[in-house]
Amino acid sequence: MVGPLAASSSTTLLLPYRAPTLLYPVPSFPSSLPAQIPWRRISEIGASSGSRRGFRRLQVSNVAVPEVSSTTEVRRIAAKEVQRPVYPFAAIVGQEEMKLCLLLNVIDPKIGGVMIMGDRGTGKSTTVRSLVDLLPEIKVVIGDPFNSDPDDPESMGMEVRERVIQGEEIPATTIKITMVDLPLGATEDRVCGTIDIEKALTEGVKAFEPGLLAKANRGILYVDEVNLLDDHLVDVLLDSAASGWNTVEREGISISHPARFILIGSGNPEEGELRPQLLDRFGMHAQVGTVRDAELRVKIVEERARFDMDPKGFRESYRTEQEKLQQQITSARSNLSSVQIDHDLRVKISKVCAELNVDGLRGDIVTNRAAKALAALKGRDRVTPDDVATVIPNCLRHRLRKDPLESIDSGLLVIEKFYEVFN
């Protein structure tokens, strides 16, 4: 070869070794460690373990969950609120129909939930999650994973019910109604519950690990983009919503626990329709549209910008309105049982449902309950025709039979039939 490369074939150059420069800081180990954490060299760990040199076989131990006192729980919730502030419910501009449906379901959970359908970016998820601050407190059994009611046998888990039958004293506390998010990618085991793998491996016993339905008992189960939910999860929700109980039969485990929750779903109709079986399980249906008023749109943008810049200060500015609304909800829940509805109004409600060819009697029941909840929210003890006119479109709109040749909105059909019957 010709050139400078020819020398490399016959001559070897020996260069002095230079240690590489570390571009990251070397961690400094403390000179003294706690006595319960012995520190050994890696070679010692490999030699003392029964495996290959430099490796260590770890054994998983069963970790008991400590009992959390009410004071600790309150501090934990407060810390969580500081970490992830929620947009105030009172600060939401417009969307009165959606907000009213959510409030009525909080006042009377037996209404059966609400389905919110509308355009993308209209604040559906924000409104639902802002409901957390307004949720009242409920009485639950301490240490029970199913949020059992110590005063209602129908809302008790099997273990709590057996303790009551045996005459044991049941310790109870008060917590806020929980809101559980059901993600679209959740598995059936995570939703229903499954065998506790940790106890099976460590203790060799079959134990049940509760799922999201157990956590949502006596609370709110929120499904965003519910029209995209997998069919097998839809079947699970249908079973629980129909009976109020969740039954798990798998891996040698047979257990049933209460699963009574307020089902709230949201979605965009352009992304697909919801199965009729699940749609009928929602007590109310709210339609959300995009705001067209320019001044109102500017106000919404400005309010959101304020919240993003200073969430804590923004929430503080709406504290008075939030507390007033929370007191109104608490008062309405306590006075709901005393609200009366005349027999004549009941007959007219059923007549509207019959003339609209509504299948089943869920429309009649939900309309009566929603009208009573609205009267309680307004501080009255008797339902008026105006209360019925306000809630009946949301209770019957999604129960009408679909006519592909019909151009008018189903809610307007309900309003027309209402005025025809009540006139």
# chains A, B, ... in the order shown; residues from 1 in each chain; ligands from 1

$ residues_around --residues "Gln95 of chain A" --least-positions-apart "5" --cutoff "10 Å" --atoms "only C-alpha atoms" --output "count of residues only"
11

$ residues_around --residues "segment 140-151 of chain A" --least-positions-apart "3" --cutoff "7 Å" --atoms "only C-alpha atoms" --output "list in words"
Ser155, Met156, Gly157, Ile170, Pro171, Ala172, Thr173, Thr174, Ala214, Lys215, Asn217 and Arg218 of chain A

$ write_last_selection --atoms "N, CA, C and O atoms" --output "PDB file, in the first residue's frame"
ATOM      1  N   SER A 155     -77.024  -2.378  51.648  1.00  0.00           N
ATOM      2  CA  SER A 155     -75.770  -1.807  51.155  1.00  0.00           C
ATOM      3  C   SER A 155     -74.561  -2.346  51.896  1.00  0.00           C
ATOM      4  O   SER A 155     -73.491  -1.740  51.872  1.00  0.00           O
ATOM      5  N   MET A 156     -74.727  -3.482  52.573  1.00  0.00           N
ATOM      6  CA  MET A 156     -73.630  -4.081  53.323  1.00  0.00           C
ATOM      7  C   MET A 156     -73.002  -5.224  52.541  1.00  0.00           C
ATOM      8  O   MET A 156     -73.689  -5.947  51.822  1.00  0.00           O
ATOM      9  N   GLY A 157     -71.693  -5.375  52.722  1.00  0.00           N
ATOM     10  CA  GLY A 157     -71.029  -6.547  52.208  1.00  0.00           C
ATOM     11  C   GLY A 157     -71.337  -7.767  53.064  1.00  0.00           C
ATOM     12  O   GLY A 157     -71.896  -7.673  54.163  1.00  0.00           O
ATOM     13  N   ILE A 170     -70.182  -2.342  65.056  1.00  0.00           N
ATOM     14  CA  ILE A 170     -69.537  -1.983  63.796  1.00  0.00           C
ATOM     15  C   ILE A 170     -68.998  -0.557  63.892  1.00  0.00           C
ATOM     16  O   ILE A 170     -69.780   0.397  64.013  1.00  0.00           O
ATOM     17  N   PRO A 171     -67.662  -0.368  63.818  1.00  0.00           N
ATOM     18  CA  PRO A 171     -67.125   1.000  63.830  1.00  0.00           C
ATOM     19  C   PRO A 171     -67.386   1.686  62.495  1.00  0.00           C
ATOM     20  O   PRO A 171     -67.248   1.085  61.427  1.00  0.00           O
ATOM     21  N   ALA A 172     -67.781   2.933  62.543  1.00  0.00           N
ATOM     22  CA  ALA A 172     -68.150   3.669  61.329  1.00  0.00           C
ATOM     23  C   ALA A 172     -67.498   5.043  61.343  1.00  0.00           C
ATOM     24  O   ALA A 172     -67.113   5.565  62.385  1.00  0.00           O
ATOM     25  N   THR A 173     -67.392   5.603  60.149  1.00  0.00           N
ATOM     26  CA  THR A 173     -66.866   6.947  59.967  1.00  0.00           C
ATOM     27  C   THR A 173     -67.559   7.580  58.778  1.00  0.00           C
ATOM     28  O   THR A 173     -68.353   6.917  58.092  1.00  0.00           O
ATOM     29  N   THR A 174     -67.292   8.823  58.528  1.00  0.00           N
ATOM     30  CA  THR A 174     -67.895   9.536  57.398  1.00  0.00           C
ATOM     31  C   THR A 174     -66.799   9.929  56.410  1.00  0.00           C
ATOM     32  O   THR A 174     -65.731  10.408  56.806  1.00  0.00           O
ATOM     33  N   ALA A 214     -66.237  -2.330  43.296  1.00  0.00           N
ATOM     34  CA  ALA A 214     -66.300  -2.290  44.757  1.00  0.00           C
ATOM     35  C   ALA A 214     -65.961  -0.900  45.278  1.00  0.00           C
ATOM     36  O   ALA A 214     -66.583  -0.404  46.222  1.00  0.00           O
ATOM     37  N   LYS A 215     -64.987  -0.270  44.667  1.00  0.00           N
ATOM     38  CA  LYS A 215     -64.599   1.073  45.089  1.00  0.00           C
ATOM     39  C   LYS A 215     -65.666   2.104  44.777  1.00  0.00           C
ATOM     40  O   LYS A 215     -65.831   3.089  45.495  1.00  0.00           O
ATOM     41  N   ASN A 217     -68.908   1.587  44.832  1.00  0.00           N
ATOM     42  CA  ASN A 217     -70.176   1.356  45.526  1.00  0.00           C
ATOM     43  C   ASN A 217     -70.557   2.565  46.377  1.00  0.00           C
ATOM     44  O   ASN A 217     -69.736   3.100  47.117  1.00  0.00           O
ATOM     45  N   ARG A 218     -71.809   3.007  46.226  1.00  0.00           N
ATOM     46  CA  ARG A 218     -72.345   4.188  46.907  1.00  0.00           C
ATOM     47  C   ARG A 218     -71.625   5.462  46.466  1.00  0.00           C
ATOM     48  O   ARG A 218     -71.657   6.475  47.176  1.00  0.00           O
TER      49      ARG A 218
END

$ residues_around --residues "Leu233 of chain A" --least-positions-apart "3" --cutoff "8 Å" --atoms "only C-alpha atoms" --output "ChimeraX atom specification"
/A:187-188,229-230,236-237

$ closest_residue --among "A:Ser243, A:Ser130, A:Ser254, A:Asn227" --to "Glu270 of chain A" --atoms "only C-alpha atoms"
A:Asn227

$ atom_distance --atom1 "atom CA of Arg362 of chain A" --atom2 "atom CA of Ala389 of chain A"
17.4 Å
